[in-house]
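Q: What follows is the file upload.txt, containing compact mmCIF, N, CA and C atoms:
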```txt
# COMPACT_ATOMS: atom_id res chain seq x y z
N MET A 1 114.90 84.64 87.94
CA MET A 1 113.54 85.15 87.98
C MET A 1 112.56 84.00 87.74
N PRO A 2 111.52 83.93 88.55
CA PRO A 2 110.55 82.87 88.35
C PRO A 2 109.74 83.12 87.08
N ALA A 3 109.89 82.24 86.12
CA ALA A 3 109.17 82.37 84.85
C ALA A 3 107.68 82.25 85.07
N GLN A 4 107.29 81.59 86.16
CA GLN A 4 105.87 81.34 86.37
C GLN A 4 105.14 82.53 86.98
N ALA A 5 105.82 83.58 87.39
CA ALA A 5 105.15 84.72 88.03
C ALA A 5 104.05 85.29 87.14
N LYS A 6 104.35 85.51 85.87
CA LYS A 6 103.37 86.05 84.94
C LYS A 6 102.19 85.08 84.79
N ASP A 7 102.48 83.79 84.62
CA ASP A 7 101.43 82.79 84.46
C ASP A 7 100.51 82.73 85.69
N ILE A 8 101.10 82.80 86.87
CA ILE A 8 100.31 82.75 88.10
C ILE A 8 99.41 83.97 88.19
N LEU A 9 99.95 85.14 87.85
CA LEU A 9 99.13 86.36 87.90
C LEU A 9 97.98 86.28 86.90
N VAL A 10 98.26 85.83 85.69
CA VAL A 10 97.21 85.71 84.66
C VAL A 10 96.11 84.77 85.16
N GLN A 11 96.49 83.62 85.71
CA GLN A 11 95.51 82.66 86.23
C GLN A 11 94.71 83.25 87.39
N LEU A 12 95.39 83.93 88.29
CA LEU A 12 94.74 84.54 89.44
C LEU A 12 93.69 85.55 88.97
N LEU A 13 94.06 86.38 88.02
CA LEU A 13 93.13 87.39 87.49
C LEU A 13 91.95 86.74 86.76
N LEU A 14 92.23 85.65 86.02
CA LEU A 14 91.15 84.92 85.35
C LEU A 14 90.15 84.36 86.36
N HIS A 15 90.68 83.77 87.45
CA HIS A 15 89.81 83.22 88.50
C HIS A 15 88.97 84.31 89.15
N LEU A 16 89.52 85.52 89.20
CA LEU A 16 88.79 86.65 89.80
C LEU A 16 87.83 87.30 88.80
N GLY A 17 87.84 86.83 87.55
CA GLY A 17 86.90 87.32 86.57
C GLY A 17 87.37 88.51 85.75
N PHE A 18 88.68 88.74 85.71
CA PHE A 18 89.23 89.86 84.95
C PHE A 18 89.82 89.37 83.63
N ASP A 19 89.47 90.04 82.55
CA ASP A 19 90.05 89.76 81.23
C ASP A 19 91.21 90.74 81.06
N THR A 20 92.43 90.22 81.09
CA THR A 20 93.61 91.10 81.08
C THR A 20 94.68 90.57 80.15
N THR A 21 95.64 91.43 79.85
CA THR A 21 96.91 90.99 79.27
C THR A 21 97.98 91.46 80.24
N VAL A 22 99.03 90.68 80.37
CA VAL A 22 100.10 91.00 81.30
C VAL A 22 101.42 91.03 80.55
N GLU A 23 102.14 92.15 80.69
CA GLU A 23 103.48 92.28 80.10
C GLU A 23 104.52 92.17 81.20
N GLU A 24 105.61 91.51 80.86
CA GLU A 24 106.70 91.30 81.81
C GLU A 24 107.84 92.25 81.49
N HIS A 25 108.35 92.97 82.50
CA HIS A 25 109.48 93.88 82.32
C HIS A 25 110.54 93.55 83.36
N HIS A 26 111.76 93.32 82.91
CA HIS A 26 112.86 93.06 83.84
C HIS A 26 113.55 94.38 84.15
N LEU A 27 113.52 94.78 85.42
CA LEU A 27 114.11 96.05 85.86
C LEU A 27 115.26 95.76 86.81
N GLU A 28 116.03 96.81 87.11
CA GLU A 28 117.14 96.68 88.07
C GLU A 28 116.66 96.10 89.39
N GLU A 29 115.53 96.63 89.88
CA GLU A 29 115.04 96.21 91.19
C GLU A 29 114.20 94.94 91.16
N GLY A 30 114.11 94.29 89.99
CA GLY A 30 113.38 93.03 89.92
C GLY A 30 112.42 92.98 88.76
N LEU A 31 111.42 92.14 88.92
CA LEU A 31 110.44 91.90 87.85
C LEU A 31 109.22 92.78 88.06
N LEU A 32 108.77 93.43 86.97
CA LEU A 32 107.55 94.21 86.98
C LEU A 32 106.56 93.54 86.03
N LEU A 33 105.38 93.25 86.54
CA LEU A 33 104.31 92.71 85.71
C LEU A 33 103.29 93.82 85.52
N GLU A 34 103.12 94.24 84.27
CA GLU A 34 102.19 95.33 83.98
C GLU A 34 100.90 94.74 83.42
N VAL A 35 99.81 95.01 84.11
CA VAL A 35 98.51 94.48 83.75
C VAL A 35 97.76 95.52 82.93
N LYS A 36 97.20 95.07 81.82
CA LYS A 36 96.35 95.94 81.01
C LYS A 36 94.95 95.34 81.03
N SER A 37 93.98 96.21 81.38
CA SER A 37 92.61 95.74 81.53
C SER A 37 91.64 96.88 81.27
N ASP A 38 90.46 96.54 80.77
CA ASP A 38 89.40 97.55 80.62
C ASP A 38 88.80 97.89 81.98
N ASP A 39 89.10 97.09 82.98
CA ASP A 39 88.55 97.28 84.31
C ASP A 39 89.65 97.68 85.30
N ALA A 40 90.55 98.57 84.85
CA ALA A 40 91.72 98.94 85.66
C ALA A 40 91.34 99.53 87.01
N GLY A 41 90.28 100.32 87.06
CA GLY A 41 89.87 100.95 88.31
C GLY A 41 89.58 99.95 89.41
N ARG A 42 88.88 98.88 89.06
CA ARG A 42 88.58 97.85 90.07
C ARG A 42 89.83 97.10 90.48
N LEU A 43 90.77 96.91 89.55
CA LEU A 43 92.01 96.22 89.89
C LEU A 43 92.93 97.08 90.76
N ILE A 44 92.88 98.38 90.57
CA ILE A 44 93.71 99.29 91.37
C ILE A 44 93.11 99.47 92.75
N GLY A 45 91.80 99.69 92.80
CA GLY A 45 91.13 99.88 94.08
C GLY A 45 91.36 101.27 94.64
N ARG A 46 90.74 101.52 95.77
CA ARG A 46 90.85 102.83 96.42
C ARG A 46 92.28 103.04 96.92
N GLN A 47 92.90 104.10 96.47
CA GLN A 47 94.28 104.44 96.83
C GLN A 47 95.25 103.28 96.58
N GLY A 48 94.95 102.47 95.56
CA GLY A 48 95.85 101.37 95.19
C GLY A 48 95.79 100.17 96.11
N GLN A 49 94.79 100.12 96.98
CA GLN A 49 94.71 99.04 97.97
C GLN A 49 94.56 97.67 97.32
N THR A 50 93.67 97.56 96.33
CA THR A 50 93.45 96.27 95.67
C THR A 50 94.71 95.84 94.93
N LEU A 51 95.36 96.79 94.26
CA LEU A 51 96.60 96.51 93.56
C LEU A 51 97.67 96.01 94.55
N GLY A 52 97.78 96.65 95.67
CA GLY A 52 98.73 96.22 96.70
C GLY A 52 98.43 94.83 97.21
N ASP A 53 97.14 94.54 97.41
CA ASP A 53 96.73 93.21 97.88
C ASP A 53 97.04 92.14 96.83
N LEU A 54 96.78 92.48 95.56
CA LEU A 54 97.06 91.56 94.46
C LEU A 54 98.56 91.23 94.41
N GLN A 55 99.38 92.26 94.55
CA GLN A 55 100.83 92.07 94.54
C GLN A 55 101.26 91.21 95.73
N TYR A 56 100.67 91.45 96.89
CA TYR A 56 101.00 90.68 98.09
C TYR A 56 100.66 89.20 97.89
N ILE A 57 99.45 88.93 97.36
CA ILE A 57 99.03 87.54 97.14
C ILE A 57 99.97 86.85 96.16
N LEU A 58 100.29 87.54 95.06
CA LEU A 58 101.19 86.94 94.07
C LEU A 58 102.54 86.61 94.70
N ASN A 59 103.10 87.53 95.47
CA ASN A 59 104.39 87.28 96.09
C ASN A 59 104.34 86.17 97.13
N ARG A 60 103.22 86.05 97.85
CA ARG A 60 103.07 84.94 98.81
C ARG A 60 103.03 83.61 98.07
N LEU A 61 102.29 83.56 96.94
CA LEU A 61 102.23 82.32 96.15
C LEU A 61 103.61 81.94 95.63
N LEU A 62 104.36 82.92 95.14
CA LEU A 62 105.70 82.65 94.62
C LEU A 62 106.63 82.20 95.73
N PHE A 63 106.56 82.87 96.90
CA PHE A 63 107.40 82.52 98.03
C PHE A 63 107.09 81.11 98.52
N HIS A 64 105.80 80.74 98.48
CA HIS A 64 105.39 79.40 98.90
C HIS A 64 106.03 78.33 98.01
N GLN A 65 106.19 78.63 96.71
CA GLN A 65 106.82 77.69 95.79
C GLN A 65 108.34 77.69 95.91
N ASP A 66 108.91 78.90 96.16
CA ASP A 66 110.37 79.04 96.20
C ASP A 66 110.71 80.17 97.16
N GLN A 67 111.28 79.81 98.31
CA GLN A 67 111.57 80.82 99.33
C GLN A 67 112.66 81.80 98.90
N GLU A 68 113.36 81.49 97.83
CA GLU A 68 114.40 82.40 97.30
C GLU A 68 113.84 83.30 96.20
N ALA A 69 112.57 83.16 95.87
CA ALA A 69 111.98 83.92 94.78
C ALA A 69 112.07 85.42 95.06
N PRO A 70 112.55 86.19 94.08
CA PRO A 70 112.61 87.64 94.28
C PRO A 70 111.21 88.24 94.25
N LYS A 71 111.06 89.39 94.89
CA LYS A 71 109.77 90.07 94.91
C LYS A 71 109.39 90.52 93.51
N VAL A 72 108.12 90.46 93.22
CA VAL A 72 107.59 90.89 91.93
C VAL A 72 106.68 92.10 92.18
N MET A 73 106.85 93.12 91.36
CA MET A 73 106.00 94.30 91.45
C MET A 73 104.89 94.18 90.40
N VAL A 74 103.67 94.52 90.79
CA VAL A 74 102.53 94.48 89.88
C VAL A 74 102.03 95.90 89.69
N ASP A 75 101.79 96.28 88.44
CA ASP A 75 101.23 97.60 88.14
C ASP A 75 100.04 97.42 87.21
N VAL A 76 99.09 98.33 87.32
CA VAL A 76 97.92 98.31 86.44
C VAL A 76 97.81 99.68 85.79
N GLY A 77 97.88 99.70 84.48
CA GLY A 77 97.69 100.94 83.73
C GLY A 77 98.61 102.08 84.12
N GLY A 78 99.83 101.77 84.55
CA GLY A 78 100.79 102.81 84.92
C GLY A 78 100.48 103.49 86.24
N TYR A 79 99.58 102.91 87.04
CA TYR A 79 99.18 103.53 88.32
C TYR A 79 100.38 103.72 89.25
N ARG A 80 101.20 102.68 89.40
CA ARG A 80 102.33 102.77 90.34
C ARG A 80 103.30 103.88 89.95
N ALA A 81 103.56 104.02 88.64
CA ALA A 81 104.49 105.04 88.19
C ALA A 81 103.99 106.44 88.55
N SER A 82 102.71 106.71 88.28
CA SER A 82 102.20 108.05 88.60
C SER A 82 102.04 108.24 90.11
N ALA A 83 101.67 107.18 90.82
CA ALA A 83 101.55 107.28 92.27
C ALA A 83 102.93 107.51 92.89
N ARG A 84 103.96 106.87 92.33
CA ARG A 84 105.33 107.03 92.82
C ARG A 84 105.78 108.48 92.65
N GLU A 85 105.48 109.07 91.49
CA GLU A 85 105.84 110.47 91.26
C GLU A 85 105.17 111.38 92.29
N ALA A 86 103.91 111.11 92.59
CA ALA A 86 103.18 111.93 93.57
C ALA A 86 103.80 111.79 94.96
N VAL A 87 104.19 110.56 95.34
CA VAL A 87 104.80 110.33 96.66
C VAL A 87 106.17 111.02 96.74
N VAL A 88 106.95 110.94 95.67
CA VAL A 88 108.27 111.59 95.66
C VAL A 88 108.09 113.11 95.76
N LYS A 89 107.11 113.65 95.05
CA LYS A 89 106.87 115.10 95.12
C LYS A 89 106.49 115.50 96.55
N LYS A 90 105.62 114.72 97.19
CA LYS A 90 105.21 115.00 98.57
C LYS A 90 106.43 114.98 99.50
N ALA A 91 107.32 114.02 99.30
CA ALA A 91 108.52 113.90 100.12
C ALA A 91 109.43 115.12 99.93
N LYS A 92 109.61 115.51 98.68
CA LYS A 92 110.51 116.65 98.41
C LYS A 92 109.92 117.95 98.93
N ASP A 93 108.59 118.12 98.83
CA ASP A 93 107.95 119.31 99.39
C ASP A 93 108.12 119.36 100.91
N ALA A 94 107.95 118.21 101.57
CA ALA A 94 108.11 118.14 103.03
C ALA A 94 109.57 118.42 103.41
N ALA A 95 110.51 117.88 102.63
CA ALA A 95 111.94 118.11 102.91
C ALA A 95 112.27 119.59 102.78
N GLU A 96 111.67 120.25 101.81
CA GLU A 96 111.90 121.69 101.63
C GLU A 96 111.42 122.47 102.85
N LYS A 97 110.27 122.08 103.41
CA LYS A 97 109.77 122.74 104.64
C LYS A 97 110.74 122.53 105.79
N VAL A 98 111.26 121.31 105.91
CA VAL A 98 112.21 121.01 106.98
C VAL A 98 113.45 121.89 106.84
N ARG A 99 113.99 121.97 105.62
CA ARG A 99 115.19 122.80 105.39
C ARG A 99 114.91 124.27 105.64
N ARG A 100 113.76 124.74 105.17
CA ARG A 100 113.43 126.16 105.27
C ARG A 100 113.16 126.59 106.71
N TRP A 101 112.34 125.82 107.44
CA TRP A 101 111.90 126.24 108.77
C TRP A 101 112.59 125.50 109.92
N GLY A 102 113.26 124.39 109.62
CA GLY A 102 113.94 123.64 110.68
C GLY A 102 112.98 122.85 111.55
N ASP A 103 111.73 122.75 111.13
CA ASP A 103 110.72 122.02 111.91
C ASP A 103 110.71 120.55 111.53
N ILE A 104 110.12 119.75 112.40
CA ILE A 104 109.88 118.34 112.09
C ILE A 104 108.56 118.27 111.33
N VAL A 105 108.53 117.51 110.24
CA VAL A 105 107.31 117.33 109.45
C VAL A 105 106.92 115.86 109.53
N GLU A 106 105.64 115.61 109.82
CA GLU A 106 105.14 114.23 109.85
C GLU A 106 104.19 114.04 108.67
N LEU A 107 104.48 113.05 107.85
CA LEU A 107 103.61 112.70 106.73
C LEU A 107 102.54 111.73 107.23
N GLU A 108 101.43 111.66 106.50
CA GLU A 108 100.32 110.80 106.92
C GLU A 108 100.74 109.33 106.92
N PRO A 109 100.02 108.50 107.67
CA PRO A 109 100.33 107.07 107.67
C PRO A 109 100.27 106.50 106.26
N MET A 110 101.21 105.61 105.95
CA MET A 110 101.24 105.02 104.61
C MET A 110 101.79 103.61 104.69
N ASN A 111 101.63 102.89 103.60
CA ASN A 111 102.08 101.50 103.56
C ASN A 111 103.61 101.43 103.38
N ALA A 112 104.15 100.25 103.56
CA ALA A 112 105.60 100.05 103.50
C ALA A 112 106.17 100.41 102.13
N PHE A 113 105.43 100.13 101.07
CA PHE A 113 105.89 100.41 99.72
C PHE A 113 106.14 101.91 99.54
N ASP A 114 105.16 102.74 99.95
CA ASP A 114 105.30 104.18 99.83
C ASP A 114 106.38 104.72 100.76
N ARG A 115 106.48 104.17 101.97
CA ARG A 115 107.54 104.63 102.89
C ARG A 115 108.91 104.37 102.30
N ARG A 116 109.09 103.21 101.67
CA ARG A 116 110.38 102.88 101.05
C ARG A 116 110.72 103.88 99.95
N ILE A 117 109.71 104.27 99.16
CA ILE A 117 109.93 105.26 98.10
C ILE A 117 110.44 106.57 98.71
N ILE A 118 109.82 107.01 99.80
CA ILE A 118 110.21 108.28 100.43
C ILE A 118 111.60 108.18 101.03
N HIS A 119 111.88 107.10 101.76
CA HIS A 119 113.22 106.94 102.34
C HIS A 119 114.29 106.98 101.24
N ASN A 120 114.04 106.28 100.14
CA ASN A 120 115.01 106.26 99.03
C ASN A 120 115.13 107.62 98.35
N ALA A 121 114.02 108.33 98.21
CA ALA A 121 114.04 109.63 97.54
C ALA A 121 114.85 110.65 98.34
N LEU A 122 114.88 110.51 99.66
CA LEU A 122 115.54 111.51 100.50
C LEU A 122 116.82 111.02 101.16
N LYS A 123 117.26 109.80 100.83
CA LYS A 123 118.42 109.24 101.54
C LYS A 123 119.71 110.03 101.32
N ASP A 124 119.84 110.71 100.18
CA ASP A 124 121.06 111.47 99.90
C ASP A 124 120.91 112.96 100.20
N ASP A 125 119.77 113.35 100.78
CA ASP A 125 119.55 114.76 101.10
C ASP A 125 120.40 115.13 102.31
N PRO A 126 121.33 116.08 102.16
CA PRO A 126 122.24 116.40 103.27
C PRO A 126 121.57 117.12 104.44
N GLY A 127 120.38 117.69 104.23
CA GLY A 127 119.78 118.46 105.30
C GLY A 127 118.61 117.81 106.01
N VAL A 128 118.22 116.61 105.56
CA VAL A 128 117.01 115.99 106.10
C VAL A 128 117.26 114.51 106.38
N GLU A 129 116.70 114.04 107.50
CA GLU A 129 116.72 112.60 107.76
C GLU A 129 115.29 112.13 107.94
N THR A 130 115.03 110.86 107.59
CA THR A 130 113.68 110.30 107.66
C THR A 130 113.65 109.13 108.63
N HIS A 131 112.53 109.01 109.31
CA HIS A 131 112.31 107.91 110.26
C HIS A 131 110.87 107.44 110.15
N SER A 132 110.66 106.13 110.10
CA SER A 132 109.30 105.59 110.16
C SER A 132 108.92 105.45 111.63
N VAL A 133 107.69 105.88 111.96
CA VAL A 133 107.21 105.81 113.34
C VAL A 133 105.84 105.16 113.37
N GLU A 134 105.58 104.41 114.44
CA GLU A 134 104.28 103.75 114.62
C GLU A 134 103.18 104.80 114.75
N VAL A 135 102.02 104.49 114.20
CA VAL A 135 100.86 105.36 114.36
C VAL A 135 99.86 104.59 115.21
N GLU A 136 99.51 105.19 116.35
CA GLU A 136 98.62 104.52 117.29
C GLU A 136 97.28 104.19 116.65
N GLY A 137 96.77 103.00 116.89
CA GLY A 137 95.46 102.61 116.40
C GLY A 137 95.43 102.17 114.94
N THR A 138 96.59 101.95 114.34
CA THR A 138 96.64 101.52 112.94
C THR A 138 97.84 100.61 112.75
N THR A 139 97.83 99.85 111.68
CA THR A 139 98.98 98.99 111.39
C THR A 139 100.00 99.71 110.53
N LYS A 140 99.65 100.91 110.07
CA LYS A 140 100.56 101.66 109.21
C LYS A 140 101.52 102.50 110.04
N LYS A 141 102.55 102.97 109.37
CA LYS A 141 103.52 103.86 109.99
C LYS A 141 103.56 105.16 109.21
N ALA A 142 103.94 106.22 109.90
CA ALA A 142 104.11 107.52 109.25
C ALA A 142 105.61 107.79 109.15
N ILE A 143 105.97 108.77 108.36
CA ILE A 143 107.38 109.15 108.25
C ILE A 143 107.56 110.52 108.88
N LEU A 144 108.55 110.61 109.74
CA LEU A 144 108.97 111.90 110.30
C LEU A 144 110.19 112.36 109.53
N LEU A 145 110.16 113.63 109.11
CA LEU A 145 111.33 114.24 108.48
C LEU A 145 111.84 115.27 109.47
N ARG A 146 113.13 115.24 109.74
CA ARG A 146 113.69 116.23 110.66
C ARG A 146 115.05 116.69 110.12
N PRO A 147 115.46 117.86 110.57
CA PRO A 147 116.77 118.36 110.11
C PRO A 147 117.90 117.45 110.56
N LYS A 148 118.90 117.27 109.68
CA LYS A 148 120.11 116.54 110.08
C LYS A 148 121.00 117.50 110.83
N HIS A 149 121.61 117.00 111.87
CA HIS A 149 122.53 117.85 112.65
C HIS A 149 123.95 117.45 112.42
```
What's the structure tokens form of this structure?
A:
Amino acid sequence: MPAQAKDILVQLLLHLGFDTTVEEHHLEEGLLLEVKSDDAGRLIGRQGQTLGDLQYILNRLLFHQDQEAPKVMVDVGGYRASAREAVVKKAKDAAEKVRRWGDIVELEPMNAFDRRIIHNALKDDPGVETHSVEVEGTTKKAILLRPKH
């Protein structure tokens, strides 16, 4: 794990004018840097967009230093945890519709992080399969849920 990930994030936030503390958590899926700030709303941004951008920039900086550097997840005030729960609930509700009615359900366009959460949440579901599909006029993809045959 790159020891400098936390330091780089702290410096980046300082340069952006944010007074924060950052806690480091080592998880199964990698390193989580949890940011605590009085200005959490601005750091999270609309629908987590700023938080996602911050995480992307940090990972690009780390990758630039070491191409073998593992991905680092950044969270602000527990936003990712609660957003993850909401995405998983949406996936399970959609899967229930697929099982009940046998119809294909398309979820709204979302970023790769949220799509990965949904694919993982439903990967062991015996009655539903998930597919990411391009959405015309956007860089995002949507997820189609359909019955497994």
Q: What is the distance, in Å and to one decimal place, between CA of Ser37 in chain A and atom C of Ile117 in chain A?
A: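 Atom C of Ile117 in chain A lies 27.0 Å from CA of Ser37 in chain A.
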Q: Given all atoms listed in the file as the basis, pick out the residue of A:Tyr56, A:Glu129, A:His149, A:Arg42 nearest to Val74 in chain A.
A: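 Nearest to Val74 in chain A: A:Tyr56.
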Q: When you draw a straight line from CA of Val88 in chain A to atom C of Asp39 in chain A, how long is it in Å?
A: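 Interatomic distance here is 25.4 Å.
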Q: Which is closest to Gly41 in chain A among A:Leu14, A:Arg99, A:Val76, A:Ile8, if we use only N, CA and C atoms?
A: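 Checking each of A:Leu14, A:Arg99, A:Val76, A:Ile8 against Gly41 in chain A, counting only N, CA and C atoms, the winner is A:Val76.
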Q: Which of these residues is nearest to Asp93 in chain A, using only C-alpha atoms: A:Val35, A:Leu107, A:Ala69, A:Val10?
A: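 Between A:Val35, A:Leu107, A:Ala69, A:Val10, the residue approaching Asp93 in chain A most closely is A:Leu107.
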Q: Compare A:Ala5, A:Met110, A:Val105, A:Ala40 by their minimum atom-to-atom distance to Asp66 in chain A, counting only C-alpha atoms, and give me the closest one.
A: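 The shortest atom-to-atom distance to Asp66 in chain A comes from A:Ala5.
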Q: Applying 6 Å and all atoms listed in the file, which residues near Lys36 in chain A remain after dropping the ones on its own chain fewer than 3 positions away? List them as an mmCIF file with N, CA and C atoms, in the coordinates of the input.
A:
```cif
data_model
loop_
_atom_site.group_PDB
_atom_site.id
_atom_site.type_symbol
_atom_site.label_atom_id
_atom_site.label_comp_id
_atom_site.auth_asym_id
_atom_site.auth_seq_id
_atom_site.Cartn_x
_atom_site.Cartn_y
_atom_site.Cartn_z
ATOM 1 N N ASP A 19 89.470 90.040 82.550
ATOM 2 C CA ASP A 19 90.050 89.760 81.230
ATOM 3 C C ASP A 19 91.210 90.740 81.060
ATOM 4 N N THR A 20 92.430 90.220 81.090
ATOM 5 C CA THR A 20 93.610 91.100 81.080
ATOM 6 C C THR A 20 94.680 90.570 80.150
ATOM 7 N N THR A 21 95.640 91.430 79.850
ATOM 8 C CA THR A 21 96.910 90.990 79.270
ATOM 9 C C THR A 21 97.980 91.460 80.240
ATOM 10 N N VAL A 22 99.030 90.680 80.370
ATOM 11 C CA VAL A 22 100.100 91.000 81.300
ATOM 12 C C VAL A 22 101.420 91.030 80.550
ATOM 13 N N GLU A 23 102.140 92.150 80.690
ATOM 14 C CA GLU A 23 103.480 92.280 80.100
ATOM 15 C C GLU A 23 104.520 92.170 81.200
ATOM 16 N N VAL A 76 99.090 98.330 87.320
ATOM 17 C CA VAL A 76 97.920 98.310 86.440
ATOM 18 C C VAL A 76 97.810 99.680 85.790
ATOM 19 N N GLY A 77 97.880 99.700 84.480
ATOM 20 C CA GLY A 77 97.690 100.940 83.730
ATOM 21 C C GLY A 77 98.610 102.080 84.120
#
```
Q: Any idea what's packed within 8 Å of Lys90 in chain A, counting all atoms listed in the file, ignoring anything in its chain fewer than 6 positions away? Could you give it as number ranges by chain?
A: A: 84, 96, 118
Q: For CA of Leu16 in chain A and CA of Glu68 in chain A, quote the distance in Å rounded to one decimal.
A: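 Separation between CA of Leu16 in chain A and CA of Glu68 in chain A: 27.0 Å.
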Q: Would you return as a count of residues only the members of chain A that DSSP assigns to strand (DSSP E or B) on this structure's backbone?
A: 38
Q: Rank nothing, just name the residue among A:Leu13, A:Val128, A:Asn120, A:Thr139 nearest to Lys97 in chain A, using only C-alpha atoms.
A: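 Ranked by minimum distance to Lys97 in chain A, first place goes to A:Val128.
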Q: Output, as AutoDock Vina command-line options, the centre and edge lengths in Å (one decimal) of the axis-aligned box that contains all listed atoms of range 85-101 of chain A with 8 Å of margin on each side.
A:
```
--center_x 109.2 --center_y 117.8 --center_z 100.6 --size_x 28.0 --size_y 33.5 --size_z 34.7
```
Q: Env of range 144-148 of chain A: 8 Å cut, atoms = all atoms listed in the file, seq-sep filter 6 positions within chain, self excluded. Answer as a PDB file with N, CA and C atoms, keeping the file's coordinate frame.
A:
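As a result, result-v1.pdb now contains:
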```pdb
ATOM      1  N   ALA A  94     107.950 118.210 101.570  1.00  0.00           N
ATOM      2  CA  ALA A  94     108.110 118.140 103.030  1.00  0.00           C
ATOM      3  C   ALA A  94     109.570 118.420 103.410  1.00  0.00           C
ATOM      4  N   ALA A  95     110.510 117.880 102.630  1.00  0.00           N
ATOM      5  CA  ALA A  95     111.940 118.110 102.910  1.00  0.00           C
ATOM      6  C   ALA A  95     112.270 119.590 102.780  1.00  0.00           C
ATOM      7  N   VAL A  98     111.260 121.310 105.910  1.00  0.00           N
ATOM      8  CA  VAL A  98     112.210 121.010 106.980  1.00  0.00           C
ATOM      9  C   VAL A  98     113.450 121.890 106.840  1.00  0.00           C
ATOM     10  N   ARG A  99     113.990 121.970 105.620  1.00  0.00           N
ATOM     11  CA  ARG A  99     115.190 122.800 105.390  1.00  0.00           C
ATOM     12  C   ARG A  99     114.910 124.270 105.640  1.00  0.00           C
ATOM     13  N   GLY A 102     113.260 124.390 109.620  1.00  0.00           N
ATOM     14  CA  GLY A 102     113.940 123.640 110.680  1.00  0.00           C
ATOM     15  C   GLY A 102     112.980 122.850 111.550  1.00  0.00           C
ATOM     16  N   ASP A 103     111.730 122.750 111.130  1.00  0.00           N
ATOM     17  CA  ASP A 103     110.720 122.020 111.910  1.00  0.00           C
ATOM     18  C   ASP A 103     110.710 120.550 111.530  1.00  0.00           C
ATOM     19  N   ILE A 104     110.120 119.750 112.400  1.00  0.00           N
ATOM     20  CA  ILE A 104     109.880 118.340 112.090  1.00  0.00           C
ATOM     21  C   ILE A 104     108.560 118.270 111.330  1.00  0.00           C
ATOM     22  N   VAL A 105     108.530 117.510 110.240  1.00  0.00           N
ATOM     23  CA  VAL A 105     107.310 117.330 109.450  1.00  0.00           C
ATOM     24  C   VAL A 105     106.920 115.860 109.530  1.00  0.00           C
ATOM     25  N   GLU A 106     105.640 115.610 109.820  1.00  0.00           N
ATOM     26  CA  GLU A 106     105.140 114.230 109.850  1.00  0.00           C
ATOM     27  C   GLU A 106     104.190 114.040 108.670  1.00  0.00           C
ATOM     28  N   LEU A 107     104.480 113.050 107.850  1.00  0.00           N
ATOM     29  CA  LEU A 107     103.610 112.700 106.730  1.00  0.00           C
ATOM     30  C   LEU A 107     102.540 111.730 107.230  1.00  0.00           C
ATOM     31  N   GLU A 108     101.430 111.660 106.500  1.00  0.00           N
ATOM     32  CA  GLU A 108     100.320 110.800 106.920  1.00  0.00           C
ATOM     33  C   GLU A 108     100.740 109.330 106.920  1.00  0.00           C
ATOM     34  N   ASP A 125     119.770 113.350 100.780  1.00  0.00           N
ATOM     35  CA  ASP A 125     119.550 114.760 101.100  1.00  0.00           C
ATOM     36  C   ASP A 125     120.400 115.130 102.310  1.00  0.00           C
ATOM     37  N   PRO A 126     121.330 116.080 102.160  1.00  0.00           N
ATOM     38  CA  PRO A 126     122.240 116.400 103.270  1.00  0.00           C
ATOM     39  C   PRO A 126     121.570 117.120 104.440  1.00  0.00           C
ATOM     40  N   GLY A 127     120.380 117.690 104.230  1.00  0.00           N
ATOM     41  CA  GLY A 127     119.780 118.460 105.300  1.00  0.00           C
ATOM     42  C   GLY A 127     118.610 117.810 106.010  1.00  0.00           C
ATOM     43  N   VAL A 128     118.220 116.610 105.560  1.00  0.00           N
ATOM     44  CA  VAL A 128     117.010 115.990 106.100  1.00  0.00           C
ATOM     45  C   VAL A 128     117.260 114.510 106.380  1.00  0.00           C
ATOM     46  N   GLU A 129     116.700 114.040 107.500  1.00  0.00           N
ATOM     47  CA  GLU A 129     116.720 112.600 107.760  1.00  0.00           C
ATOM     48  C   GLU A 129     115.290 112.130 107.940  1.00  0.00           C
ATOM     49  N   THR A 130     115.030 110.860 107.590  1.00  0.00           N
ATOM     50  CA  THR A 130     113.680 110.300 107.660  1.00  0.00           C
ATOM     51  C   THR A 130     113.650 109.130 108.630  1.00  0.00           C
ATOM     52  N   HIS A 131     112.530 109.010 109.310  1.00  0.00           N
ATOM     53  CA  HIS A 131     112.310 107.910 110.260  1.00  0.00           C
ATOM     54  C   HIS A 131     110.870 107.440 110.150  1.00  0.00           C
ATOM     55  N   SER A 132     110.660 106.130 110.100  1.00  0.00           N
ATOM     56  CA  SER A 132     109.300 105.590 110.160  1.00  0.00           C
ATOM     57  C   SER A 132     108.920 105.450 111.630  1.00  0.00           C
ATOM     58  N   VAL A 133     107.690 105.880 111.960  1.00  0.00           N
ATOM     59  CA  VAL A 133     107.210 105.810 113.340  1.00  0.00           C
ATOM     60  C   VAL A 133     105.840 105.160 113.370  1.00  0.00           C
TER      61      VAL A 133
END
```
